[in-house]
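Below is one structure; the comments refer to it alone.
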Amino acid sequence: MKIAMPVESKSMDNNVYQSFGRSPYFLIYDLQSKESVYVDNSAATSQGGAGIKAAQTIVDSGANVLITPRCGENAADVIKSANIKIYKSVVGSINENIKALEEERLSILQDIHAGFHHHGGR
Amino acid sequence: MKIAVLSGKGGTGKTFVSINLAAAADQSTYIDCDIEEPNGHLFLKPEKLKIDPVKVQIPTVNKEICTGCRKCVEFCKFNALAYINKNLMVFDDICHSCGGCKLVCPENALSEKEKVIGEVQKGISESVNVITGILNTGESSGTPIIKKALNSIENNRGLTVIDSPPGSACTVMDSIKDADYCILVAEPTLFGAHNLNMVYELLELFNKPYGVVLNKCHKEKNPAEKFCKEKGIKILEKIPFDNELGELNSNAKIASRENKRYKELFSSLLEKVIEEVKNETVINS
């Protein structure tokens, strides 16, 4: 099983990034082989639709599970279409979140927000 | 003659100045291009409304033909497309109707369908033809509405007052594009001066003639006035901070129709602007 997570830097000791679409990197962690791969999030600097593009990256990575503190409506539509489960991250490091998932302590992300679009000039 | 009224921020009095200028003229057209929150109609209360929907083209995919090459997904700068599970997803609300995806598709798998994003209302309020652009909530781009509203002018020879959206983004640029003159409305605050600077820079870029109306003036220091003096910008009028105006506005009344003093103020402002435009024509010809 492959787990995807928005992360601020390429280190397993760091925390999960606070948002999804604008996260600098995504960690793709293989639970069986314990192998971690960091993918650049090319959507981070997008003018708009960052969630959709970031979600496409997650789907293309072959992840089965996404752990994130939050997720917008459009991104969730993409992720769910690919049958990827979205779990809400807990406060703590990336390692702690993986452990929490293994111990089935993470809950499914329920509060999908409508997005933070259209702030500032267009 | 087309006069656009704009400001760097909301609430400075764009609509106030626009409707009063339109009402002060013998015959005029008022166009509300503040499509996200048009409120000139609340004052003018136009009658005999004619409503035209505004449509844009958005892509739709033929799944039989699509090979999943993703050229369209990569092309879309707005990220309105995703390719998931051998299926192209189109996010209508994100799409800006540029038509690029259709152009780059090597298989001709994309076609376009119409989508209504808002409407243009036309009506009459005494001597004023009222045109109002309205963008539906949640839509990403209002420029098609502004274009349609501006193309709805029937009498091109009379006075047209364009009530622009706040700020200095695409919708503002579209609404001032064909204007002969721009009136900048500014508040007597630091924030007001800062936002005045934004539209000032925009107009310098567009090379449009303009002047400033200082609104809500009181006895305290006026940073917007100071800014005008520093930059050598023409101050067309100073409108006082006046309780009576506030009351008229909050009752959706038009000051120049209710109060002789304000009728005179706006008639004189209109004359000054017409004079300015004449001078511009002389300089440019």
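Each chain in the structure tokens gets a letter, A, B, ..., in the order shown, and its residues are numbered from 1; ligands are numbered from 1 in order too.
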| said: Using only C-alpha atoms, which protein or nucleic acid residues come within 12 Å of Val199 (chain B)? Drop anything in the same chain fewer than 2 positions from it, and give the result as a PyMOL selection string. | reply: chain B and resi 5-9+164-169+172-173+176+182-186+192-197+201-208+210-212
Please identify all polymer residues within 12 Å of Thr67 (chain B), counting only C-alpha atoms, omitting same-chain residues fewer than 4 positions from it, and present them as a CSV table (one decimal) with N, CA, C and O atoms, in the first residue's frame.
chain,number,residue,atom,x,y,z
B,61,VAL,N,-16.0,16.3,-23.5
B,61,VAL,CA,-15.1,15.3,-24.1
B,61,VAL,C,-15.9,14.1,-24.7
B,61,VAL,O,-16.9,13.7,-24.1
B,62,ASN,N,-15.5,13.7,-25.8
B,62,ASN,CA,-16.1,12.5,-26.4
B,62,ASN,C,-15.2,11.3,-25.9
B,62,ASN,O,-14.0,11.1,-26.4
B,63,LYS,N,-15.7,10.5,-25.0
B,63,LYS,CA,-14.8,9.5,-24.4
B,63,LYS,C,-14.4,8.4,-25.3
B,63,LYS,O,-13.4,7.7,-25.1
B,71,LYS,N,-2.7,16.0,-23.3
B,71,LYS,CA,-2.1,17.3,-23.8
B,71,LYS,C,-3.0,18.5,-23.3
B,71,LYS,O,-2.5,19.5,-23.0
B,72,CYS,N,-4.3,18.2,-23.2
B,72,CYS,CA,-5.2,19.3,-22.7
B,72,CYS,C,-5.0,19.6,-21.3
B,72,CYS,O,-5.0,20.7,-20.8
B,83,TYR,N,-7.1,14.0,-15.6
B,83,TYR,CA,-7.4,12.7,-16.3
B,83,TYR,C,-7.2,11.6,-15.2
B,83,TYR,O,-6.1,11.3,-14.8
B,86,LYS,N,-8.8,6.7,-16.7
B,86,LYS,CA,-9.2,6.7,-18.1
B,86,LYS,C,-10.4,7.6,-18.4
B,86,LYS,O,-11.2,7.2,-19.2
B,87,ASN,N,-10.5,8.7,-17.7
B,87,ASN,CA,-11.7,9.5,-17.8
B,87,ASN,C,-11.2,11.0,-17.6
B,87,ASN,O,-10.6,11.3,-16.6
B,88,LEU,N,-11.6,11.9,-18.6
B,88,LEU,CA,-11.2,13.3,-18.5
B,88,LEU,C,-12.3,14.0,-17.7
B,88,LEU,O,-13.4,14.0,-18.0
B,105,CYS,N,-5.9,19.4,-28.6
B,105,CYS,CA,-6.3,18.0,-28.7
B,105,CYS,C,-6.0,17.4,-30.1
B,105,CYS,O,-6.6,17.8,-31.1
B,106,PRO,N,-5.0,16.4,-30.2
B,106,PRO,CA,-4.7,15.9,-31.5
B,106,PRO,C,-5.8,15.0,-32.1
B,106,PRO,O,-5.7,14.6,-33.3
B,107,GLU,N,-6.7,14.5,-31.2
B,107,GLU,CA,-7.7,13.6,-31.7
B,107,GLU,C,-9.0,14.2,-32.0
B,107,GLU,O,-10.0,13.5,-32.3
B,108,ASN,N,-9.1,15.5,-31.8
B,108,ASN,CA,-10.4,16.2,-31.9
B,108,ASN,C,-11.5,15.6,-31.0
B,108,ASN,O,-12.6,15.5,-31.4
B,109,ALA,N,-11.1,15.2,-29.8
B,109,ALA,CA,-12.0,14.6,-28.9
B,109,ALA,C,-12.8,15.6,-28.1
B,109,ALA,O,-13.8,15.3,-27.4
B,110,LEU,N,-12.4,16.9,-28.1
B,110,LEU,CA,-13.1,17.9,-27.3
B,110,LEU,C,-13.9,18.8,-28.2
B,110,LEU,O,-13.6,19.2,-29.3
| request: Could you please select, counting only C-alpha atoms, the residues of chain B within 12 Å of chain A and state them as a ChimeraX atom specification? | output: /B:8-9,36,70,73-96,137-143,165-173
| Residues within 12 Å of region 14-16 of chain B, only C-alpha atoms, excluding chain neighbours under 3 positions, as a VMD selection string | chain B and resid 3 to 11 19 to 23 30 to 34 37 to 44 161 to 167 182 to 187 212 to 216 239 245 to 246 248 to 250 252 to 256 262 266
So that I have them on file, write out the residues from the current selection with C-alpha atoms, as a compact mmCIF listing (two decimals), in the first residue's frame.
# COMPACT_ATOMS: atom_id res chain seq x y z
CA ILE B 3 -16.68 58.18 -18.80
CA ALA B 4 -15.47 55.35 -16.58
CA VAL B 5 -15.62 55.72 -12.81
CA LEU B 6 -13.20 53.60 -10.82
CA SER B 7 -11.35 53.25 -7.53
CA GLY B 8 -8.70 51.03 -6.02
CA LYS B 9 -10.99 49.81 -3.26
CA GLY B 10 -14.67 49.21 -2.71
CA GLY B 11 -16.92 51.64 -0.83
CA ILE B 19 -25.45 57.36 -10.87
CA ASN B 20 -25.43 61.03 -9.97
CA LEU B 21 -23.43 61.97 -13.08
CA ALA B 22 -25.80 59.90 -15.23
CA ALA B 23 -28.83 61.50 -13.57
CA TYR B 30 -25.41 54.08 -17.08
CA ILE B 31 -23.56 50.75 -17.28
CA ASP B 32 -22.92 48.82 -14.08
CA CYS B 33 -19.76 46.78 -14.72
CA ASP B 34 -19.33 45.96 -11.03
CA GLU B 37 -22.04 43.26 -6.78
CA PRO B 38 -23.95 45.55 -9.11
CA ASN B 39 -25.97 48.02 -7.05
CA GLY B 40 -26.59 51.03 -9.28
CA HIS B 41 -30.01 49.53 -10.10
CA LEU B 42 -30.98 49.81 -6.43
CA PHE B 43 -30.84 53.60 -6.81
CA LEU B 44 -31.98 53.99 -10.41
CA VAL B 161 -21.15 56.45 -17.51
CA ILE B 162 -19.36 53.19 -16.76
CA ASP B 163 -19.42 52.09 -13.11
CA SER B 164 -16.27 49.91 -12.89
CA PRO B 165 -15.53 47.09 -10.45
CA PRO B 166 -13.19 47.96 -7.55
CA GLY B 167 -9.48 47.21 -7.77
CA CYS B 182 -11.67 58.14 -16.23
CA ILE B 183 -12.80 59.51 -12.89
CA LEU B 184 -11.00 58.11 -9.87
CA VAL B 185 -12.96 58.27 -6.64
CA ALA B 186 -10.86 58.33 -3.46
CA GLU B 187 -11.43 58.39 0.28
CA VAL B 212 -9.88 62.58 -9.20
CA VAL B 213 -13.03 63.11 -7.15
CA LEU B 214 -12.22 63.28 -3.46
CA ASN B 215 -15.21 61.87 -1.63
CA LYS B 216 -16.26 62.07 2.06
CA ILE B 239 -17.53 66.09 -2.07
CA LEU B 245 -25.90 62.37 1.60
CA GLY B 246 -25.54 59.37 3.86
CA LEU B 248 -30.21 59.75 0.92
CA ASN B 249 -27.87 56.90 0.01
CA SER B 250 -29.13 54.59 2.70
CA ALA B 252 -31.53 54.36 -2.12
CA LYS B 253 -32.26 57.93 -3.25
CA ILE B 254 -30.26 59.75 -5.93
CA ALA B 255 -28.85 62.97 -4.45
CA SER B 256 -28.86 64.95 -7.70
CA TYR B 262 -26.06 68.18 -5.41
CA PHE B 266 -22.82 66.94 -10.37
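If you look at CA of Leu150 (chain B) and CA of Ile134 (chain B), they are 12.7 Å away from each other.
For Ala149 (chain B), the list of residues within 10 Å, based on only C-alpha atoms and with local chain neighbours fewer than 2 positions off taken out, reads Ile31, Asp32, Cys33, Ile35, Asp52, Val54, Glu119, Val120, Gln121, Lys122, Ile131, Thr132, Gly133, Ile134, Thr143, Pro144, Ile145, Ile146, Lys147, Asn151, Ser152, Ile153, Ile162 and Ser175 of chain B.
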| So what do you get for CA of Asp26 (chain B) versus CA of Ser127 (chain B), distance-wise? | 6.5 Å
| Near-region 3-13 of chain A list (12 Å; only C-alpha atoms; drop same-chain fewer than 6 positions) as a ChimeraX atom specification | /A:19-41,44,51,54-55,57-71,79,84-90,92-99,101-102
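Straight-line separation from CA of Glu237 (chain B) to CA of Lys272 (chain B): 9.2 Å.
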| chain A: which residues are alpha helix (DSSP H) by DSSP, as number ranges by chain? | A: 50-60, 73-81, 94-102
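Those residues in region 110-166 of chain B carrying a DSSP assignment of strand (DSSP E or B), computed from the backbone, are B:Leu110, B:Ser111, B:Glu112, B:Lys113, B:Glu114, B:Lys115, B:Val116, B:Ile117, B:Gly118, B:Glu119, B:Val120, B:Gln121, B:Lys122, B:Gly123, B:Ile124, B:Ser125, B:Val128, B:Asn129, B:Val130, B:Ile131, B:Thr132, B:Gly133, B:Ile134, B:Leu135, B:Leu159, B:Thr160, B:Val161, B:Ile162, B:Asp163.
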